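Enquirer: Next comes protein-v9.cif, mmCIF, C-alpha atoms:
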```
data_my_file
loop_
_atom_site.label_atom_id
_atom_site.label_comp_id
_atom_site.auth_asym_id
_atom_site.auth_seq_id
_atom_site.Cartn_x
_atom_site.Cartn_y
_atom_site.Cartn_z
CA MET A 215 181.64 17.10 63.84
CA HIS A 216 179.85 17.52 60.50
CA ASP A 217 181.49 16.70 57.17
CA ASP A 218 182.16 20.17 55.73
CA VAL A 219 183.73 18.80 52.54
CA GLY A 220 180.67 16.66 51.82
CA MET A 221 178.35 19.60 52.48
CA LEU A 222 180.47 21.81 50.22
CA LEU A 223 180.22 19.36 47.31
CA ARG A 224 176.47 18.90 47.79
CA ARG A 225 175.82 22.66 47.89
CA ALA A 226 178.33 23.78 45.25
CA GLY A 227 177.27 21.08 42.78
CA PHE A 228 174.39 18.66 42.36
CA GLY A 229 175.73 15.84 44.52
CA PRO A 230 179.14 14.17 44.57
CA THR A 231 179.87 10.63 43.51
CA ALA A 232 181.64 8.40 46.04
CA SER A 233 184.96 8.82 44.21
CA GLU A 234 184.60 12.62 44.02
CA LEU A 235 183.88 12.81 47.75
CA ALA A 236 186.83 10.60 48.61
CA ALA A 237 189.18 12.71 46.46
CA ALA A 238 187.88 15.96 47.95
CA LYS A 239 188.32 14.72 51.52
CA LYS A 240 191.89 13.76 50.72
CA ALA A 241 192.57 17.19 49.19
CA GLY A 242 190.94 19.12 52.04
CA TYR A 243 188.34 21.87 52.22
CA ARG A 244 190.26 24.89 50.91
CA ALA A 245 191.84 22.99 48.04
CA THR A 246 188.40 21.67 47.08
CA VAL A 247 186.93 25.19 47.06
CA ALA A 248 189.78 26.32 44.82
CA ARG A 249 189.28 23.40 42.41
CA LEU A 250 185.50 23.94 42.26
CA MET A 251 185.83 27.65 41.52
CA ALA A 252 188.68 27.32 39.01
CA PRO A 253 188.73 23.78 37.61
CA ALA A 254 191.76 22.77 35.57
CA GLY A 255 191.32 22.05 31.88
CA PRO A 256 188.19 21.65 29.76
CA ASP A 257 185.03 19.99 31.07
CA ARG A 258 185.42 16.51 29.55
CA GLY A 259 182.11 15.29 30.96
CA ALA A 260 180.15 18.21 29.52
CA ALA A 261 181.84 17.68 26.16
CA THR A 262 179.97 14.36 25.89
CA SER A 263 176.66 16.27 26.06
CA PRO A 264 176.61 18.74 23.13
CA MET A 265 173.87 21.34 22.97
CA PRO A 266 171.10 20.32 20.53
CA GLU A 267 170.66 22.06 17.19
CA LEU A 268 166.96 22.81 16.87
CA GLY A 269 166.74 24.60 13.55
CA ARG A 270 164.03 27.22 13.02
CA ASP A 271 160.97 27.62 15.20
CA PRO A 272 158.16 25.73 13.40
CA PHE A 273 155.83 28.74 13.77
CA ASP A 274 158.27 31.05 11.96
CA ASP A 275 156.73 32.19 8.67
CA LEU A 276 153.32 30.83 9.67
CA PRO A 277 151.39 34.10 10.18
CA ASP A 278 147.99 32.46 9.73
CA PRO A 279 148.39 28.68 10.19
CA THR A 280 145.66 26.23 9.30
CA THR A 281 144.45 23.83 11.99
CA GLU A 282 146.69 21.11 10.54
CA GLN A 283 149.74 23.42 10.30
CA ARG A 284 149.23 24.56 13.89
CA ALA A 285 148.99 20.98 15.17
CA ALA A 286 152.13 19.98 13.28
CA ALA A 287 154.05 23.02 14.56
CA GLU A 288 152.92 22.42 18.17
CA SER A 289 154.02 18.78 17.88
CA LEU A 290 157.47 19.80 16.64
CA ARG A 291 157.78 22.39 19.42
CA LYS A 292 157.00 19.63 21.92
CA GLN A 293 159.80 17.50 20.44
CA HIS A 294 162.19 20.47 20.64
CA THR A 295 161.16 21.13 24.24
CA ASP A 296 161.79 17.50 25.18
CA ALA A 297 165.18 17.74 23.46
CA ILE A 298 166.39 20.78 25.42
CA ILE A 299 165.11 19.42 28.75
CA ARG A 300 166.77 16.04 28.11
CA TRP A 301 169.99 17.80 27.08
CA TRP A 302 170.18 20.06 30.13
CA LEU A 303 169.37 17.26 32.58
CA ASP A 304 172.12 15.23 30.91
CA ARG A 305 174.61 18.10 30.93
CA MET A 306 174.05 18.76 34.64
CA THR A 307 174.55 15.05 35.33
CA VAL A 308 177.77 14.48 33.40
CA ALA A 309 179.49 17.87 33.81
CA ASP A 310 182.78 17.68 35.70
CA HIS A 311 182.73 21.41 36.45
CA GLN A 312 179.82 21.04 38.84
CA ALA A 313 179.98 24.50 40.41
CA ASN A 314 179.61 26.12 36.99
CA GLU A 315 176.54 24.01 36.16
CA LYS A 316 174.93 24.61 39.53
CA LEU A 317 175.51 28.36 39.25
CA LEU A 318 173.95 28.33 35.80
CA PHE A 319 170.88 26.62 37.24
CA PHE A 320 170.79 29.31 39.94
CA TRP A 321 170.81 32.04 37.29
CA HIS A 322 168.03 30.29 35.37
CA GLY A 323 165.86 30.39 38.48
CA HIS A 324 166.92 33.99 39.14
CA TRP A 325 165.96 35.28 35.66
CA ALA A 326 162.96 32.99 35.80
CA THR A 327 161.58 32.65 32.26
CA SER A 328 159.18 29.86 31.31
CA ILE A 329 158.62 28.10 28.01
CA ARG A 330 154.98 27.66 29.05
CA LYS A 331 154.33 31.28 28.06
CA VAL A 332 157.29 31.95 25.76
CA GLY A 333 156.39 28.93 23.61
CA SER A 334 159.56 28.82 21.54
CA PRO A 335 162.29 26.31 22.57
CA GLN A 336 164.62 28.28 20.28
CA PHE A 337 164.05 31.40 22.39
CA MET A 338 164.67 29.45 25.61
CA LEU A 339 167.88 27.84 24.34
CA ALA A 340 169.17 31.21 23.08
CA GLN A 341 168.57 32.68 26.55
CA HIS A 342 170.39 29.73 28.09
CA ARG A 343 173.40 30.38 25.83
CA LYS A 344 173.48 34.03 26.92
CA ILE A 345 173.54 33.09 30.60
CA ARG A 346 176.16 30.39 30.00
CA SER A 347 178.44 32.76 28.07
CA SER A 348 178.24 35.69 30.51
CA PRO A 349 181.47 36.22 32.49
CA ASN A 350 179.69 38.26 35.16
CA PHE A 351 176.31 39.59 36.29
CA ARG A 352 176.63 42.99 34.61
CA VAL A 353 177.29 41.41 31.22
CA MET A 354 174.45 38.97 31.82
CA ALA A 355 171.99 41.78 32.59
CA ARG A 356 173.02 43.58 29.39
CA LYS A 357 172.48 40.43 27.31
CA LEU A 358 169.15 39.54 28.89
CA VAL A 359 167.48 42.95 28.74
CA SER A 360 167.10 42.45 24.96
CA ASP A 361 166.67 38.67 25.12
CA PRO A 362 163.52 37.61 23.20
CA ALA A 363 162.49 35.00 25.79
CA LEU A 364 162.65 37.50 28.68
CA VAL A 365 161.15 40.34 26.65
CA TYR A 366 158.19 38.18 25.56
CA TRP A 367 157.80 36.57 29.04
CA LEU A 368 157.35 40.02 30.60
CA ASP A 369 155.34 41.62 27.78
CA GLY A 370 158.22 43.84 26.69
CA GLN A 371 157.14 43.51 23.05
CA LEU A 372 153.99 45.45 23.99
CA ASN A 373 155.98 48.35 25.47
CA THR A 374 155.96 51.42 23.21
CA LYS A 375 156.25 55.14 23.92
CA HIS A 376 152.53 55.50 23.12
CA ALA A 377 151.47 52.53 25.29
CA PRO A 378 153.98 51.96 28.11
CA ASN A 379 154.12 48.51 29.72
CA GLU A 380 156.04 48.37 33.00
CA ASN A 381 156.21 44.59 33.60
CA LEU A 382 159.85 44.14 32.58
CA ALA A 383 160.94 47.35 34.31
CA ARG A 384 159.27 46.32 37.56
CA GLU A 385 160.78 42.84 37.60
CA LEU A 386 164.23 44.16 36.67
CA MET A 387 164.13 46.22 39.83
CA GLU A 388 162.18 43.94 42.15
CA LEU A 389 163.35 40.43 41.28
CA PHE A 390 166.42 40.61 39.08
CA MET A 391 168.66 43.51 40.09
CA LEU A 392 167.73 45.59 43.18
CA GLY A 393 165.15 43.99 45.45
CA ILE A 394 162.07 45.48 47.08
CA GLY A 395 162.63 48.76 48.90
CA ASN A 396 165.49 49.98 46.73
CA TYR A 397 163.44 51.89 44.13
CA THR A 398 160.21 53.90 43.87
CA GLU A 399 157.11 53.54 41.71
CA GLN A 400 158.29 56.57 39.76
CA ASP A 401 161.59 54.79 39.06
CA VAL A 402 159.61 51.86 37.64
CA LYS A 403 157.57 54.17 35.37
CA GLU A 404 160.68 55.91 34.09
CA ALA A 405 162.49 52.59 33.57
CA GLY A 406 159.49 51.35 31.60
CA ARG A 407 159.97 54.27 29.22
CA ALA A 408 163.65 53.39 28.85
CA LEU A 409 162.71 49.86 27.77
CA THR A 410 160.31 50.88 24.99
CA GLY A 411 160.75 49.88 21.36
CA TRP A 412 161.74 46.19 21.48
CA LYS A 413 159.86 43.50 19.54
CA THR A 414 160.40 39.76 19.20
CA ASP A 415 160.57 37.74 15.97
CA LEU A 416 160.53 33.93 15.91
CA GLY A 417 163.03 34.01 13.05
CA VAL A 418 165.59 35.85 15.21
CA PRO A 419 165.88 33.92 18.51
CA GLU A 420 169.21 35.47 19.54
CA THR A 421 167.99 39.02 20.14
CA ALA A 422 164.87 41.13 20.18
CA ILE A 423 164.63 43.76 17.44
CA PHE A 424 164.79 47.46 18.28
CA PHE A 425 162.34 49.85 16.60
CA PRO A 426 163.54 53.45 17.20
CA ALA A 427 160.14 54.90 16.27
CA ASP A 428 158.56 53.05 19.22
CA HIS A 429 161.26 54.08 21.71
CA ASP A 430 160.89 56.99 24.11
CA ALA A 431 164.24 58.75 23.63
CA SER A 432 163.49 61.62 26.00
CA ARG A 433 165.25 62.18 29.31
CA LYS A 434 164.25 60.09 32.34
CA LYS A 435 165.10 60.41 36.02
CA ILE A 436 165.90 56.99 37.49
CA LEU A 437 167.29 56.46 40.99
CA GLY A 438 168.35 60.10 41.17
CA THR A 439 170.10 60.28 37.79
CA THR A 440 168.65 62.05 34.76
CA ALA A 441 169.70 60.87 31.29
CA ARG A 442 168.32 59.60 27.96
CA PHE A 443 168.22 56.06 29.31
CA ASP A 444 167.66 53.13 26.96
CA ALA A 445 167.58 49.39 27.79
CA TYR A 446 171.36 48.99 27.98
CA THR A 447 172.21 52.17 29.85
CA LEU A 448 169.34 51.37 32.24
CA VAL A 449 170.74 47.98 33.28
CA ASP A 450 174.26 49.46 33.46
CA HIS A 451 172.85 52.08 35.84
CA LEU A 452 171.02 49.48 37.96
CA ALA A 453 174.09 47.22 38.14
CA LYS A 454 176.18 50.10 39.53
CA GLN A 455 173.81 50.65 42.45
CA PRO A 456 175.20 49.36 45.77
CA ALA A 457 171.81 47.70 46.31
CA CYS A 458 172.42 45.45 43.29
CA ALA A 459 175.54 43.76 44.69
CA ARG A 460 173.85 43.37 48.09
CA PHE A 461 170.75 41.87 46.47
CA ILE A 462 172.68 39.28 44.45
CA ALA A 463 174.70 38.37 47.56
CA ALA A 464 171.46 37.77 49.48
CA ARG A 465 170.04 35.64 46.64
CA LEU A 466 173.15 33.45 46.56
CA TRP A 467 172.86 33.00 50.33
CA PHE A 468 169.17 32.10 49.98
CA ARG A 469 169.85 29.32 47.46
CA TYR A 470 173.21 28.02 48.69
CA VAL A 471 173.04 28.44 52.47
CA SER A 472 169.62 29.08 54.00
CA SER A 473 166.14 29.94 52.78
CA SER A 474 165.06 30.90 56.30
CA ALA A 475 167.96 32.65 58.06
CA PRO A 476 168.95 36.07 56.67
CA ILE A 477 172.48 36.66 55.45
CA ALA A 478 174.81 38.12 58.08
CA ARG A 479 175.95 41.67 57.33
CA SER A 480 179.63 40.68 57.48
CA THR A 481 179.06 37.84 55.00
CA GLN A 482 177.05 40.09 52.71
CA GLU A 483 179.82 42.70 52.69
CA LYS A 484 182.41 40.06 51.76
CA LEU A 485 180.26 38.83 48.88
CA THR A 486 179.54 42.31 47.54
CA SER A 487 183.30 42.95 47.35
CA ALA A 488 183.49 40.03 44.85
CA PHE A 489 180.54 41.27 42.72
CA PRO A 490 179.82 41.03 39.76
CA VAL A 491 181.57 37.66 39.10
CA GLY A 492 179.26 34.90 40.38
CA LEU A 493 181.97 32.27 40.92
CA ASN A 494 184.10 34.77 42.84
CA MET A 495 181.12 35.55 45.06
CA LEU A 496 180.62 31.82 45.63
CA ARG A 497 184.27 31.35 46.55
CA VAL A 498 183.92 34.03 49.23
CA LEU A 499 180.70 32.41 50.42
CA PHE A 500 182.16 28.90 50.66
CA GLU A 501 185.19 30.17 52.58
CA ASP A 502 183.01 32.08 55.05
CA GLU A 503 182.53 30.58 58.50
CA GLN A 504 178.77 31.09 58.29
CA PHE A 505 178.63 28.61 55.42
CA ARG A 506 181.30 26.20 56.58
CA SER A 507 179.88 25.82 60.10
CA GLY A 508 177.05 23.66 58.77
CA ARG A 509 174.53 25.28 61.13
CA HIS A 510 172.20 26.11 58.24
CA ARG A 511 170.20 23.33 56.57
CA LEU A 512 168.81 23.33 53.04
CA VAL A 513 166.13 21.15 51.48
CA LYS A 514 167.23 19.95 48.05
CA GLN A 515 165.24 21.33 45.16
CA PRO A 516 163.69 18.55 43.02
CA VAL A 517 166.16 19.04 40.16
CA GLU A 518 169.09 18.98 42.62
CA TRP A 519 167.73 15.78 44.13
CA LEU A 520 167.23 14.13 40.73
CA ILE A 521 170.58 15.14 39.23
CA GLY A 522 172.48 14.12 42.36
CA ALA A 523 170.82 10.70 42.31
CA MET A 524 171.56 10.18 38.62
CA ARG A 525 175.21 11.17 39.12
CA GLN A 526 175.62 8.77 42.02
CA LEU A 527 173.78 5.89 40.35
CA ASN A 528 175.58 6.40 37.02
CA ILE A 529 172.38 7.10 35.05
CA ARG A 530 172.38 9.37 31.98
CA PRO A 531 169.28 11.13 30.62
CA ALA A 532 170.88 11.00 27.16
CA HIS A 533 170.24 7.25 27.25
CA PHE A 534 166.60 7.48 28.38
CA SER A 535 163.93 6.02 26.13
CA GLU A 536 161.25 8.51 25.14
CA GLN A 537 158.91 6.88 27.65
CA THR A 538 161.45 7.17 30.49
CA LEU A 539 162.12 10.82 29.66
CA HIS A 540 158.40 11.55 29.78
CA GLN A 541 158.11 9.74 33.13
CA VAL A 542 160.97 11.81 34.55
CA VAL A 543 159.57 15.11 33.23
CA SER A 544 156.14 14.14 34.51
CA GLY A 545 157.68 13.43 37.92
CA LEU A 546 159.47 16.80 37.96
CA THR A 547 156.19 18.45 36.92
CA GLY A 548 154.50 16.77 39.88
CA LEU A 549 157.27 18.01 42.15
CA GLY A 550 156.91 21.52 40.73
CA GLN A 551 160.32 22.04 39.10
CA VAL A 552 161.02 21.47 35.41
CA PRO A 553 164.04 23.08 33.71
CA PHE A 554 163.04 25.87 31.30
CA ALA A 555 159.65 26.15 33.05
CA PRO A 556 159.83 28.10 36.36
CA GLN A 557 156.46 28.40 38.05
CA SER A 558 156.45 32.20 37.97
CA VAL A 559 158.68 35.20 37.40
CA GLY A 560 159.61 34.83 41.07
CA GLY A 561 161.29 31.51 40.29
CA TRP A 562 160.87 28.33 42.28
CA PRO A 563 160.06 28.06 45.99
CA SER A 564 162.55 26.76 48.51
CA GLY A 565 162.80 25.01 51.86
CA ALA A 566 159.91 23.03 53.31
CA ALA A 567 157.73 23.86 50.27
CA TRP A 568 159.30 20.78 48.65
CA LEU A 569 158.42 18.46 51.54
CA ASN A 570 154.62 18.12 51.37
CA SER A 571 152.92 14.72 51.32
CA ALA A 572 151.92 14.93 47.65
CA ALA A 573 155.55 15.57 46.68
CA ALA A 574 156.64 12.61 48.82
CA GLN A 575 154.50 10.25 46.74
CA VAL A 576 155.82 11.65 43.46
CA ARG A 577 159.39 11.44 44.74
CA LEU A 578 158.89 7.78 45.69
CA GLY A 579 157.71 7.10 42.15
CA LEU A 580 160.76 8.81 40.68
CA ALA A 581 163.04 7.00 43.14
CA ASP A 582 161.50 3.71 42.02
CA LEU A 583 162.14 4.62 38.37
CA LEU A 584 165.78 5.51 39.07
CA ALA A 585 166.32 2.41 41.20
CA GLY A 586 165.04 0.31 38.31
CA LEU A 587 167.63 1.88 36.00
CA ALA A 588 170.52 1.43 38.45
CA GLU A 589 172.62 -1.73 38.45
CA PHE A 590 173.29 -3.18 41.90
CA ASP A 591 173.37 -6.92 42.54
CA HIS A 592 174.14 -6.47 46.21
CA LEU A 593 173.79 -3.46 48.47
CA THR A 594 173.78 -2.81 52.23
CA ALA A 595 172.66 0.23 54.21
CA GLU A 596 176.33 1.07 54.84
CA GLY A 597 177.18 0.68 51.16
CA LEU A 598 174.22 2.84 50.19
CA ALA A 599 175.50 5.67 52.41
CA THR A 600 178.77 5.57 50.47
CA VAL A 601 177.00 5.52 47.08
CA LEU A 602 174.75 8.45 47.99
CA ALA A 603 177.57 10.40 49.72
CA ILE A 604 175.68 10.56 53.02
CA ASP A 605 177.63 11.10 56.26
CA THR A 606 175.58 8.71 58.35
CA TRP A 607 172.06 7.38 58.79
CA THR A 608 170.01 8.20 61.87
CA ASN A 609 168.98 5.16 63.90
CA ARG A 610 165.40 5.55 62.68
CA THR A 611 166.39 5.58 58.99
CA TYR A 612 168.86 2.74 59.52
CA GLN A 613 166.16 0.55 61.03
CA THR A 614 163.89 1.30 58.05
CA LEU A 615 166.66 0.53 55.54
CA LYS A 616 167.38 -2.80 57.21
CA GLN A 617 163.85 -3.93 56.36
CA ALA A 618 164.47 -3.59 52.62
CA LYS A 619 164.11 -6.92 50.81
CA ASN A 620 166.40 -6.17 47.84
CA PRO A 621 168.81 -3.51 46.46
CA ARG A 622 166.06 -1.75 44.52
CA GLN A 623 163.89 -1.28 47.59
CA LEU A 624 166.93 -0.16 49.58
CA LEU A 625 167.74 2.47 46.94
CA ILE A 626 164.17 3.79 46.94
CA LEU A 627 164.19 4.17 50.71
CA GLY A 628 167.60 5.84 50.67
CA LEU A 629 166.65 8.36 47.98
CA ALA A 630 163.47 9.24 49.92
CA SER A 631 165.22 9.50 53.29
CA PRO A 632 165.47 12.76 55.26
CA GLU A 633 169.27 12.45 55.19
CA TYR A 634 169.22 12.55 51.39
CA LEU A 635 166.56 15.23 51.02
CA VAL A 636 168.12 17.74 53.40
CA ASN A 637 171.64 19.10 53.10
#
```
Show how you would write the structure in this file as structure tokens.

Expert:
Amino acid sequence: MHDDVGMLLRRAGFGPTASELAAAKKAGYRATVARLMAPAGPDRGAATSPMPELGRDPFDDLPDPTTEQRAAAESLRKQHTDAIIRWWLDRMTVADHQANEKLLFFWHGHWATSIRKVGSPQFMLAQHRKIRSSPNFRVMARKLVSDPALVYWLDGQLNTKHAPNENLARELMELFMLGIGNYTEQDVKEAGRALTGWKTDLGVPETAIFFPADHDASRKKILGTTARFDAYTLVDHLAKQPACARFIAARLWFRYVSSSAPIARSTQEKLTSAFPVGLNMLRVLFEDEQFRSGRHRLVKQPVEWLIGAMRQLNIRPAHFSEQTLHQVVSGLTGLGQVPFAPQSVGGWPSGAAWLNSAAAQVRLGLADLLAGLAEFDHLTAEGLATVLAIDTWTNRTYQTLKQAKNPRQLLILGLASPEYLVN
């Protein structure tokens, strides 16, 4: 029989410590779901990782920078980018309310926005705050439709009534709120008109600025309804569509249960009844037999793998030297998943895409780095299973682990093992 409590903790969060797993097993499955979804008291771990204060974007008020000014501003942006990546990796590692942090990472991948195009760490951190402070999906959609990072990422600042740009409208429908097949090309065109008039300003990272003269205020027909839609009434309208709740339910299934098997209709209906509150939808999902059975396997995303390992080995990114931080970010870049930098508007891949041979080499390098930071004088294969919260080793892995010459080598092999990579 599989360990459903262990699987729950690995899927709901980033990877349990040995003490967290022991406590959860003692409490039982249902009590653990309840605690994960509604943790008691403030998050004491997260409180030790305060969000960085970046100050103004260095390119603000530099309309025509000299070569030297541009180089200095780019250098400061790089420092700011390192700061927010370090902070978020640290926050995910030390947070006690693991389900909240994992769900936030899910939403980041869902509204995939990358600093590689956006440029401004201030924009990215402001978007992060919006997602973190949203009590449900509808509120989140309202906040993000005028978010400078998302607007700039999808060329919304180029969208005026005289020169419509449909990028943001298309992705709102296809990737963020409805899913393919639940809208027409005409709906996209009309939604594009509803989104006209927004511009971004580096001095105002919290919200894009609305210019009424550039907005198409005429009536639009979207998904069968005719009204003078603007950005906010558009996302309200999309969020009310039955397809929206079904789409978000399917995305949660894809990331938390299986990237290959489709969601069962009965499970999807249960989740849609809990929409739009993400944690409520997760509670329904975790209590569903389809999840609890353990018949569906998931490959850990690189960030999940890294954060879980750091939690279990008691390693904090806040304490990394600059060199170590750069090695970790370089490793995540090689694996294809860096926080604040999704590969495309479609987010990150899933499943076996993370298991190619090139990734295996990068992962071994990262495992070696982590093992060098961990402090173990003595370690056995059995002890390693406890540390990494693994149910059991296969005979093949166990034989490999027994050949390790020291604790560091044992840790590297354990972190690279199939049992640790696949949930």

Enquirer: Taking into account only C-alpha atoms, which residue in the set A:Leu580, A:Leu364, A:Ile477, A:Leu602 is nearest to Leu520 in chain A?

Expert: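 Closest candidate: A:Leu580.
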
Enquirer: Starting from the PyMOL selection byres ((chain A and resi 512-514) around 9), expand the selection into actual residues of this file and give them as a PyMOL selection string.

Expert: chain A and resi 225+469-473+510-511+515-519+564-569+634-637

Enquirer: Now that the selection is made, can you save its residues with C-alpha atoms as a CSV table (one decimal), in the frame of the given file?

Expert:
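The resulting file, part-v4.csv, is shown below:
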```csv
chain,number,residue,atom,x,y,z
A,225,ARG,CA,175.8,22.7,47.9
A,469,ARG,CA,169.8,29.3,47.5
A,470,TYR,CA,173.2,28.0,48.7
A,471,VAL,CA,173.0,28.4,52.5
A,472,SER,CA,169.6,29.1,54.0
A,473,SER,CA,166.1,29.9,52.8
A,510,HIS,CA,172.2,26.1,58.2
A,511,ARG,CA,170.2,23.3,56.6
A,515,GLN,CA,165.2,21.3,45.2
A,516,PRO,CA,163.7,18.6,43.0
A,517,VAL,CA,166.2,19.0,40.2
A,518,GLU,CA,169.1,19.0,42.6
A,519,TRP,CA,167.7,15.8,44.1
A,564,SER,CA,162.6,26.8,48.5
A,565,GLY,CA,162.8,25.0,51.9
A,566,ALA,CA,159.9,23.0,53.3
A,567,ALA,CA,157.7,23.9,50.3
A,568,TRP,CA,159.3,20.8,48.6
A,569,LEU,CA,158.4,18.5,51.5
A,634,TYR,CA,169.2,12.6,51.4
A,635,LEU,CA,166.6,15.2,51.0
A,636,VAL,CA,168.1,17.7,53.4
A,637,ASN,CA,171.6,19.1,53.1
```

Enquirer: Box for range 257-275 of chain A - axis-aligned, 6 Å on each of the six sides, all listed atoms - centre and size in Å to one decimal, as JSON.

Expert:
```
{"center_x": 170.6, "center_y": 23.3, "center_z": 19.9, "size_x": 41.6, "size_y": 29.8, "size_z": 34.4}
```

Enquirer: Using only C-alpha atoms, can you tell me which of A:Ser360, A:Thr481, A:Glu420, A:Ala427 comes closest to Arg506 in chain A?

Expert: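 Looking at the shortest contact to Arg506 in chain A, the residue is A:Thr481.
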
Enquirer: List as a PyMOL selection string the protein and nucleic acid residues near Ala237 in chain A, meaning an atom at most 12 Å away when all atoms listed in the file are counted, but skip any in the same chain fewer than 3 places from it.

Expert: chain A and resi 219-220+223+230-234+240-243+245-246+249

Enquirer: Which residue out of A:Ser535, A:Asn350, A:Thr410, A:Asn570 has the minimum interatomic distance to Pro490 in chain A when all atoms listed in the file are used?

Expert: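 For Pro490 in chain A, the nearest of the candidates is A:Asn350.
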
Enquirer: Tell me, as a list in words, which residues lie within 9 Å of Leu372 in chain A, counting all atoms listed in the file; anything in the same chain fewer than 3 positions away does not count.

Expert: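 Residues near the query, excluding close chain neighbours: Tyr366, Asp369, Ala377, Pro378, Asn379, Thr410, Gly411, Trp412 and Lys413 of chain A.
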